[in-house]
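Coordinates as given in structure_22.txt (compact mmCIF, C-alpha atoms):
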# COMPACT_ATOMS: atom_id res chain seq x y z
CA MET L 21 25.14 35.87 42.82
CA THR L 22 24.77 35.31 39.11
CA THR L 23 23.68 32.18 37.26
CA PRO L 24 26.68 30.11 36.09
CA SER L 25 27.47 29.63 32.43
CA GLN L 26 27.28 26.17 30.84
CA THR L 27 28.35 24.90 27.45
CA VAL L 28 26.08 25.20 24.40
CA GLY L 29 26.81 21.49 23.87
CA PRO L 30 26.88 19.65 20.55
CA TYR L 31 23.26 20.32 19.64
CA LEU L 32 23.25 24.12 19.71
CA MET L 33 22.39 24.00 16.01
CA ILE L 34 18.77 23.10 16.74
CA GLY L 35 18.29 26.11 18.98
CA LEU L 36 20.54 29.07 18.34
CA PRO L 37 21.02 29.77 14.63
CA TRP L 38 18.49 32.08 12.98
CA PRO L 39 17.77 32.03 9.24
CA ASP L 40 18.73 35.71 9.08
CA GLY L 41 21.42 35.47 11.77
CA PRO L 42 24.39 36.06 9.45
CA THR L 43 22.62 38.90 7.65
CA VAL L 44 23.23 41.95 9.80
CA VAL L 45 22.45 44.07 6.74
CA PRO L 46 20.60 42.95 3.60
CA GLU L 47 22.16 42.49 0.20
CA GLY L 48 22.56 45.76 -1.62
CA THR L 49 23.31 47.79 1.50
CA PRO L 50 26.01 50.35 0.65
CA GLY L 51 29.32 49.36 2.20
CA ARG L 52 28.20 45.80 2.90
CA ILE L 53 31.12 43.53 3.79
CA ARG L 54 31.58 39.83 4.35
CA LEU L 55 33.32 38.71 7.52
CA TYR L 56 34.24 35.07 7.48
CA GLY L 57 36.64 32.54 8.89
CA LYS L 58 37.27 29.21 10.47
CA VAL L 59 37.13 28.11 14.07
CA ILE L 60 40.11 25.88 14.87
CA ASP L 61 41.01 23.82 17.94
CA GLY L 62 44.32 23.16 19.66
CA GLU L 63 45.30 20.45 17.18
CA GLY L 64 44.49 22.54 14.14
CA GLU L 65 41.20 20.75 13.52
CA ALA L 66 38.12 22.64 12.36
CA VAL L 67 35.36 23.09 14.96
CA PRO L 68 32.04 22.21 13.29
CA ASP L 69 29.88 22.90 16.35
CA ALA L 70 30.70 26.50 17.19
CA LEU L 71 28.67 29.68 17.04
CA ILE L 72 29.99 33.16 16.36
CA GLU L 73 28.12 36.27 17.45
CA THR L 74 29.06 39.83 16.52
CA TRP L 75 28.03 43.15 18.06
CA GLN L 76 29.02 46.51 16.64
CA ALA L 77 28.16 50.13 15.98
CA ASP L 78 26.73 51.19 12.62
CA ALA L 79 28.81 52.72 9.83
CA GLY L 80 28.54 56.08 11.53
CA GLY L 81 29.76 54.77 14.89
CA SER L 82 26.32 54.84 16.52
CA PHE L 83 24.58 52.27 18.71
CA GLU L 84 21.32 54.22 18.61
CA ASN L 85 20.32 53.46 15.05
CA GLY L 86 17.03 51.58 15.26
CA ASP L 87 17.32 50.51 11.62
CA PHE L 88 20.60 48.71 12.24
CA ARG L 89 20.46 45.42 14.14
CA GLY L 90 24.19 45.48 14.81
CA PHE L 91 24.07 41.85 15.93
CA GLY L 92 25.15 38.88 13.85
CA ARG L 93 24.95 35.20 14.65
CA ALA L 94 26.43 32.42 12.55
CA PRO L 95 27.06 28.73 13.24
CA THR L 96 30.12 27.02 11.82
CA ASN L 97 29.53 24.41 9.13
CA ASP L 98 31.06 20.93 8.91
CA ASP L 99 34.35 22.53 7.85
CA GLY L 100 34.38 24.94 10.77
CA ASP L 101 33.58 27.90 8.52
CA TRP L 102 31.29 30.80 9.38
CA GLU L 103 30.30 34.05 7.65
CA ILE L 104 28.45 37.23 8.53
CA PHE L 105 27.35 40.07 6.27
CA THR L 106 27.51 43.51 7.83
CA VAL L 107 29.00 46.95 7.34
CA LYS L 108 32.27 48.18 8.71
CA PRO L 109 31.56 49.96 11.99
CA GLY L 110 32.49 53.60 12.33
CA ALA L 111 34.67 54.84 15.15
CA ILE L 112 32.50 55.46 18.20
CA GLY L 113 34.33 58.62 19.10
CA ASP L 114 36.02 57.67 22.36
CA GLY L 115 39.48 57.12 20.92
CA GLN L 116 38.93 53.46 20.04
CA ALA L 117 39.52 52.34 16.47
CA PRO L 118 36.56 50.75 14.64
CA HIS L 119 35.97 47.30 16.09
CA ILE L 120 33.48 44.47 16.36
CA ASP L 121 33.02 42.46 19.55
CA LEU L 122 32.74 38.70 19.12
CA ASN L 123 31.37 35.88 21.23
CA VAL L 124 32.59 32.37 20.52
CA PHE L 125 30.56 29.42 21.78
CA ALA L 126 31.12 25.71 21.16
CA ARG L 127 30.77 22.25 22.55
CA GLY L 128 33.72 21.86 24.88
CA MET L 129 33.59 25.48 25.99
CA LEU L 130 31.99 25.87 29.41
CA ASN L 131 31.79 29.62 28.92
CA ARG L 132 31.90 31.92 25.94
CA CYS L 133 35.19 33.39 24.77
CA VAL L 134 35.19 37.08 23.90
CA THR L 135 37.40 38.62 21.26
CA ARG L 136 37.45 41.63 18.93
CA ILE L 137 37.93 42.28 15.24
CA TYR L 138 39.96 45.30 14.12
CA PHE L 139 40.45 46.38 10.51
CA ALA L 140 43.97 46.49 9.11
CA ASP L 141 42.83 49.14 6.61
CA GLU L 142 41.89 51.56 9.41
CA ASP L 143 44.10 53.60 11.67
CA ASN L 144 44.47 51.47 14.79
CA GLY L 145 47.42 53.42 16.14
CA GLY L 146 45.73 55.08 19.07
CA ASP L 147 43.42 52.27 20.12
CA PRO L 148 43.64 51.85 23.89
CA VAL L 149 42.54 48.20 23.91
CA LEU L 150 44.96 47.06 21.21
CA ALA L 151 47.68 48.88 23.12
CA THR L 152 47.19 46.44 26.01
CA VAL L 153 47.66 43.42 23.73
CA PRO L 154 51.28 42.20 23.41
CA GLU L 155 52.51 43.42 20.06
CA ALA L 156 53.35 39.94 18.79
CA ARG L 157 49.73 38.85 19.28
CA ARG L 158 47.91 41.90 17.86
CA ASP L 159 47.79 40.37 14.39
CA THR L 160 45.33 37.76 15.63
CA LEU L 161 42.72 40.53 15.96
CA LEU L 162 43.34 42.23 12.61
CA VAL L 163 41.43 41.49 9.43
CA HIS L 164 42.70 42.42 5.97
CA PRO L 165 40.56 43.35 2.98
CA SER L 166 40.44 40.85 0.11
CA ASP L 167 38.15 39.93 -2.75
CA ASP L 168 36.36 37.45 -0.48
CA GLY L 169 35.82 39.92 2.32
CA TYR L 170 37.62 40.04 5.63
CA ARG L 171 38.91 36.76 7.02
CA PHE L 172 38.98 36.21 10.78
CA ASN L 173 40.05 32.79 11.99
CA VAL L 174 39.32 31.95 15.59
CA ILE L 175 42.14 29.80 16.91
CA LEU L 176 41.00 28.53 20.27
CA GLN L 177 44.37 27.21 21.40
CA GLY L 178 47.99 26.79 20.43
CA GLU L 179 50.08 28.39 17.72
CA GLY L 180 48.58 31.68 16.63
CA GLU L 181 46.00 31.50 19.40
CA THR L 182 43.48 34.31 19.09
CA VAL L 183 43.62 36.96 21.78
CA PHE L 184 40.64 36.51 24.09
CA PHE L 185 39.47 39.05 26.60
CA LYS L 186 38.24 38.92 30.15
CA LEU L 187 35.08 41.00 30.22
CA MET T 10 28.53 52.66 34.60
CA THR T 11 30.03 49.20 34.29
CA PHE T 12 28.86 45.71 35.15
CA ARG T 13 30.24 43.85 38.15
CA ASP T 14 32.79 41.14 37.53
CA ASP T 15 31.09 37.79 38.09
CA SER T 16 33.86 35.48 36.88
CA GLU T 17 33.69 33.62 40.21
CA SER T 18 30.24 32.33 39.21
CA HIS T 19 31.45 30.62 36.06
CA PRO T 20 33.21 27.38 35.27
CA PRO T 21 36.85 27.20 34.19
CA LEU T 22 37.41 26.88 30.46
CA ASP T 23 39.99 24.17 31.13
CA TYR T 24 38.17 21.41 33.00
CA PRO T 25 39.71 17.96 32.49
CA GLY T 26 36.55 16.18 33.71
CA TYR T 27 34.83 17.42 30.54
CA LYS T 28 37.11 15.95 27.91
CA SER T 29 36.16 18.24 25.05
CA THR T 30 37.57 21.26 26.89
CA ARG T 31 41.08 19.93 26.33
CA LEU T 32 41.65 21.36 22.86
CA ARG T 33 39.09 24.13 23.10
CA HIS T 34 40.36 26.40 25.84
CA PRO T 35 42.81 29.23 25.36
CA LYS T 36 46.18 28.72 27.02
CA GLN T 37 47.28 32.34 26.82
CA PRO T 38 46.07 34.59 29.62
CA LEU T 39 42.89 36.55 28.95
CA ILE T 40 43.44 40.28 28.52
CA LEU T 41 41.20 42.65 30.43
CA LEU T 42 38.66 44.35 28.17
CA PRO T 43 37.47 47.62 29.65
CA GLN T 44 33.69 48.03 29.47
CA ARG T 45 33.08 50.82 27.03
CA LEU T 46 30.19 51.61 24.73
CA THR T 47 30.34 48.39 22.70
CA GLU T 48 30.32 46.30 25.88
CA LEU T 49 27.63 48.37 27.62
CA THR T 50 25.11 48.15 24.80
CA GLY T 51 23.43 45.18 23.18
CA PRO T 52 20.96 44.25 20.49
CA VAL T 53 17.32 45.18 20.89
CA LEU T 54 15.30 42.34 19.41
CA GLY T 55 11.56 42.63 19.58
CA GLU T 56 8.47 40.49 19.31
CA ASP T 57 8.82 40.51 15.52
CA ARG T 58 11.48 37.82 15.89
CA LEU T 59 8.98 35.45 17.49
CA GLY T 60 6.46 33.11 15.98
CA GLU T 61 3.07 32.83 17.66
CA LEU T 62 3.82 29.42 19.20
CA ASP T 63 7.53 29.83 19.87
CA HIS T 64 6.92 29.79 23.64
CA ASP T 65 4.86 26.56 23.54
CA LEU T 66 6.96 23.60 22.44
CA THR T 67 3.97 21.28 22.77
CA ARG T 68 2.01 23.02 20.02
CA GLN T 69 4.51 23.36 17.20
CA HIS T 70 3.31 20.31 15.26
CA ASP T 71 0.04 18.77 14.14
CA GLY T 72 0.07 16.26 16.98
CA GLU T 73 1.11 16.45 20.60
CA PRO T 74 4.54 15.33 21.75
CA GLN T 75 5.02 12.37 24.08
CA GLY T 76 5.99 12.96 27.66
CA GLN T 77 5.19 14.96 30.76
CA ARG T 78 3.84 18.41 29.89
CA ILE T 79 5.47 21.10 32.04
CA ILE T 80 5.45 24.86 32.45
CA VAL T 81 8.90 26.39 32.89
CA HIS T 82 8.78 29.96 34.04
CA GLY T 83 10.81 32.43 36.01
CA HIS T 84 12.32 35.85 36.42
CA VAL T 85 15.36 37.34 34.74
CA ARG T 86 17.06 39.92 36.91
CA GLU T 87 20.40 41.50 37.62
CA ASP T 88 22.28 40.67 40.79
CA ASP T 89 20.93 43.77 42.50
CA GLY T 90 17.36 42.67 41.78
CA ARG T 91 16.69 44.92 38.80
CA PRO T 92 14.48 43.05 36.30
CA VAL T 93 15.77 42.46 32.78
CA ARG T 94 12.75 43.29 30.68
CA ASP T 95 12.11 42.82 26.96
CA THR T 96 15.06 40.51 26.52
CA LEU T 97 15.15 37.46 24.27
CA VAL T 98 15.20 34.06 26.01
CA GLU T 99 15.94 31.06 23.77
CA ILE T 100 15.76 27.42 24.80
CA TRP T 101 16.55 24.07 23.23
CA GLN T 102 16.31 20.57 24.63
CA ALA T 103 15.99 16.83 24.09
CA ASN T 104 12.60 15.14 23.93
CA ALA T 105 11.02 13.03 26.68
CA GLY T 106 13.25 10.10 25.76
CA GLY T 107 16.42 12.17 25.87
CA ARG T 108 16.88 12.43 22.10
CA TYR T 109 17.72 15.66 20.29
CA ARG T 110 16.36 16.35 16.86
CA HIS T 111 19.83 16.71 15.43
CA ARG T 112 21.65 14.61 12.85
CA TRP T 113 24.54 13.96 15.23
CA ASP T 114 22.31 12.51 17.95
CA THR T 115 21.94 8.87 17.00
CA TRP T 116 21.57 6.99 20.26
CA PRO T 117 18.79 4.37 20.28
CA SER T 118 15.90 6.43 21.60
CA PRO T 119 13.25 7.56 19.15
CA ILE T 120 12.76 10.99 17.61
CA ASP T 121 9.34 12.39 18.43
CA PRO T 122 7.78 13.64 15.20
CA ASN T 123 5.75 16.13 17.23
CA PHE T 124 8.62 17.70 19.10
CA THR T 125 11.33 19.99 17.79
CA GLY T 126 12.63 21.08 21.18
CA VAL T 127 13.22 24.75 20.41
CA GLY T 128 11.52 27.73 22.07
CA ARG T 129 11.82 31.50 22.26
CA CYS T 130 10.15 34.27 24.19
CA ILE T 131 10.81 37.79 25.33
CA THR T 132 10.66 38.73 29.00
CA ASP T 133 7.73 40.94 29.92
CA ARG T 134 7.89 44.42 31.44
CA GLU T 135 8.75 42.92 34.83
CA GLY T 136 11.35 40.48 33.52
CA TYR T 137 9.25 37.30 33.57
CA PHE T 138 9.32 34.52 30.99
CA ARG T 139 7.15 31.43 30.53
CA PHE T 140 7.42 28.33 28.33
CA VAL T 141 5.26 25.25 27.97
CA THR T 142 7.25 22.17 27.05
CA ILE T 143 7.88 18.49 27.73
CA ARG T 144 10.12 17.36 30.53
CA PRO T 145 13.33 16.28 28.77
CA GLY T 146 14.89 12.88 29.39
CA ALA T 147 18.44 12.09 30.41
CA TYR T 148 20.74 10.71 27.72
CA PRO T 149 24.06 8.90 27.44
CA TRP T 150 27.20 10.43 25.98
CA GLY T 151 30.79 9.45 25.51
CA ASN T 152 32.68 11.59 27.99
CA HIS T 153 33.49 8.73 30.38
CA ALA T 154 32.35 5.15 30.98
CA ASN T 155 28.57 4.95 31.36
CA ALA T 156 28.24 8.73 31.18
CA TRP T 157 24.73 10.25 31.33
CA ARG T 158 23.71 13.86 31.14
CA PRO T 159 21.18 14.86 33.79
CA ALA T 160 17.96 16.11 32.20
CA HIS T 161 18.36 19.76 31.29
CA ILE T 162 17.07 22.59 29.13
CA HIS T 163 19.59 24.87 27.40
CA PHE T 164 18.96 28.58 27.94
CA SER T 165 20.41 31.52 26.03
CA LEU T 166 20.00 35.12 27.23
CA LEU T 167 21.11 38.31 25.58
CA GLY T 168 20.48 40.64 28.52
CA ARG T 169 20.63 44.38 27.88
CA ALA T 170 24.35 44.58 27.16
CA PHE T 171 27.02 42.52 25.43
CA THR T 172 28.63 42.09 28.83
CA GLN T 173 25.57 40.28 30.22
CA ARG T 174 25.37 37.59 27.55
CA LEU T 175 24.77 34.19 29.11
CA VAL T 176 24.27 30.65 27.82
CA THR T 177 23.53 28.08 30.47
CA GLN T 178 21.52 24.96 31.31
CA MET T 179 18.60 24.49 33.66
CA TYR T 180 18.51 21.27 35.66
CA PHE T 181 15.71 19.56 37.58
CA PRO T 182 15.51 19.04 41.34
CA ASP T 183 17.05 15.95 42.95
CA ASP T 184 18.54 14.56 39.75
CA PRO T 185 20.47 11.38 40.67
CA LEU T 186 22.92 11.95 37.78
CA PHE T 187 24.62 15.11 39.05
CA PHE T 188 27.39 13.20 40.81
CA GLN T 189 28.94 12.04 37.54
CA ASP T 190 28.16 15.03 35.32
CA PRO T 191 31.19 17.20 34.51
CA MET T 192 29.09 20.15 33.31
CA TYR T 193 27.31 20.39 36.64
CA ASN T 194 30.44 19.59 38.62
CA SER T 195 32.51 22.22 36.83
CA ILE T 196 30.59 24.56 39.14
CA ALA T 197 29.80 22.28 42.10
CA ASP T 198 33.46 21.33 42.64
CA ARG T 199 34.18 24.87 43.70
CA ASP T 200 30.85 26.01 45.03
CA LYS T 201 27.93 23.68 45.65
CA LYS T 202 25.56 26.57 46.26
CA ALA T 203 26.48 28.17 42.95
CA ALA T 204 25.71 24.92 41.13
CA GLU T 205 22.32 24.78 42.82
CA ARG T 206 21.47 28.07 41.13
CA MET T 207 21.17 26.05 37.92
CA ILE T 208 18.42 23.84 39.39
CA CYS T 209 14.81 24.84 39.02
CA ALA T 210 12.23 24.39 41.79
CA PHE T 211 9.04 22.41 41.56
CA ASP T 212 6.26 25.00 41.69
CA TYR T 213 2.97 23.44 42.72
CA GLU T 214 1.26 26.85 42.80
CA SER T 215 1.85 27.29 39.09
CA THR T 216 0.76 23.85 37.98
CA GLU T 217 -2.35 23.78 35.83
CA GLU T 218 -4.98 21.38 37.06
CA GLN T 219 -5.60 18.49 34.68
CA TRP T 220 -2.94 19.87 32.35
CA ALA T 221 0.67 20.56 33.35
CA LEU T 222 3.20 20.45 36.16
CA ALA T 223 5.29 23.56 36.71
CA PHE T 224 8.87 24.48 37.53
CA ARG T 225 10.24 27.88 38.41
CA TRP T 226 13.73 29.03 37.53
CA ASP T 227 15.09 32.51 38.11
CA ILE T 228 18.11 33.65 36.15
CA VAL T 229 20.51 36.25 37.52
CA LEU T 230 22.73 38.30 35.21
CA ARG T 231 25.56 40.67 36.10
CA GLY T 232 24.32 43.90 37.62
CA GLU T 233 25.81 47.34 37.67
CA ASP T 234 28.77 48.14 39.82
CA ALA T 235 27.75 50.17 42.83
CA THR T 236 27.79 53.84 41.95
CA PRO T 237 28.96 56.40 44.51
CA THR T 238 26.14 56.82 47.01
CA GLU T 239 24.22 60.04 46.86
CA GLU T 240 23.42 62.06 49.92
CA PRO T 241 20.10 60.77 51.23
CA HIS T 242 17.34 63.32 51.01
CA ALA T 243 16.42 64.57 54.42

Show how you would write the structure in this file as C-alpha cells.
Amino acid sequence: MTTPSQTVGPYLMIGLPWPDGPTVVPEGTPGRIRLYGKVIDGEGEAVPDALIETWQADAGGSFENGDFRGFGRAPTNDDGDWEIFTVKPGAIGDGQAPHIDLNVFARGMLNRCVTRIYFADEDNGGDPVLATVPEARRDTLLVHPSDDGYRFNVILQGEGETVFFKL
Amino acid sequence: MTFRDDSESHPPLDYPGYKSTRLRHPKQPLILLPQRLTELTGPVLGEDRLGELDHDLTRQHDGEPQGQRIIVHGHVREDDGRPVRDTLVEIWQANAGGRYRHRWDTWPSPIDPNFTGVGRCITDREGYFRFVTIRPGAYPWGNHANAWRPAHIHFSLLGRAFTQRLVTQMYFPDDPLFFQDPMYNSIADRDKKAAERMICAFDYESTEEQWALAFRWDIVLRGEDATPTEEPHA
C-alpha cells in the first residue's frame, strides 16, 4: 500500500521553489521558448499559491540526454502567473505528438492534478492521447506561439476547465 | 512496464471538510493517461543540487533553533519493496512554535531567527534518507472554528518516474488533533489504516544519547505492475 498524498498547503513557497527551477535551459540556448500562464480557480480568481512542474523530452525527443534536465518547476506569483524557460520537445517516436507533462499543486488540492501541453504549431493529428479527449475540450491543452512565448492557463474548475488526466 | 494504479490510497480532490478544495477541484471527469515514455521516466537530480547542510535544519544559521531536536529518517520504496535510490527528498515545516517562515503566516507565535524550516537530501543506494530538524509545533488555521493543524512535516518526492511523484505530510504518533483535521481525515474517513501510513514511529534505537530523539517514517511509492511470471528455473 502506498503513502497517501496530502496538500502542499499555503506555505509551499518556503520549501519547493528552486532559484533555477523555471530555467530548464539557460538563456541563449538555441530554440529556447517561454511557457507561461495563469492558474485560475472555479470563480475565475488567480491562484497565488500554486506550483507548476514540467517534464519533457529534449528537442530531439530523447529522455536520455544527460545535459538536459527536462524538468521545470515554477511557483505562481501573487497574480497567479508562472513561467518556465525550456525548449520545445521533439516527438518521442511512438506516434505521440510533441508534448510536455505537467503537475499542478496548490493549497486546496489534496493531490496533484496532471495535465499535458501540446503545441498548436505542430501536427497533433495522430496523437493517441489527444484522440481520447472530447474534441470540444482539446483546446485547453493546446498552446499557440506568440511574441511572449506559449501561454498555458490552468483552469482548475468551471468554464474552460483544463483537461486533467488520471495517471 | 507500467506502474500500478494506487488511486485508492489518495484523498479525493473534492473534500468539503477542507474548505479550500471547493473551488480548486476539477468537475469534469479525469481522462485516463496511458503510461508511456514521458510518464515512465523522470528527472535525475544529483548531489550537485544540495548544499552541505541541507539535510540538517538545525545547522543552517549562526545560532541553534529553539525546540526539541529530532532525527527523522526512513526508507523510500515501491509497493513491492524495491528501494527508490538516489531520489530527491524535500521537506518544509513550521518551527517549534508552529510558525512558518512565510509572509502569509502571521499568527501570534514568534519566528525563530535560527530556523528556516527547509531541508533536502537524496536517498542513498538502499533508498534511505535522514534529516536532523526540530519537532514542529501545531498551529491554528481558519478552516473551521478553533481549527488546528496537527504537527507535521511536508515531504516531496520525485521517485524515478513522473508517475511516482508524491507530495505528502508526515505526522507524529498519538497526535490529539487528528480528530478535527480535514487533511488527515480526507484519508482516515475511508481507510483508517491508510491514514496511519502518514504517521511516523518513535524510534528509540536511533535516538542519539545526549543529543536528539528520533522518528522513523517509511514512504511507499507506486511499484511496477506485475509482469508475466517467468518459468522458474529448475

Open item on the list: What are the residues of chain T lining chain L at 7 Å or less? Count all atoms listed in the file, and put the answer as a PyMOL selection string.
Closed with: chain T and resi 15+18-22+29-30+32-36+39-42+47+52+88+100-101+111+127+172+175-178+192+206-207+228-231

For each of T:Gly60, T:Gly55, T:Pro182, T:Pro38, take the minimum atom-to-atom distance to Arg129 of chain T, counting only C-alpha atoms, then give the residue where this is smallest.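 Counting only C-alpha atoms, the residue closest to Arg129 of chain T is T:Gly60.
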
| request: Within 7 Å of (5.5, 26.7, 23.6) (coordinates as in the file), grab all the protein and nucleic acid residues, counting all atoms listed in the file, and write them out as a PyMOL selection string. | output: chain T and resi 62-68+128+140-142

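Remark: for Trp113 of chain T, the closest of the candidate residues L:Glu103, L:Glu73, L:Asp98, L:Glu179 is L:Asp98 (distances computed over only C-alpha atoms).
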
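Atom CA of Ser215 of chain T is found 24.5 Å from atom CA of Pro185 of chain T.
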
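Straight-line separation from atom CA of Arg171 of chain L to atom CA of Thr106 of chain L: 13.3 Å.
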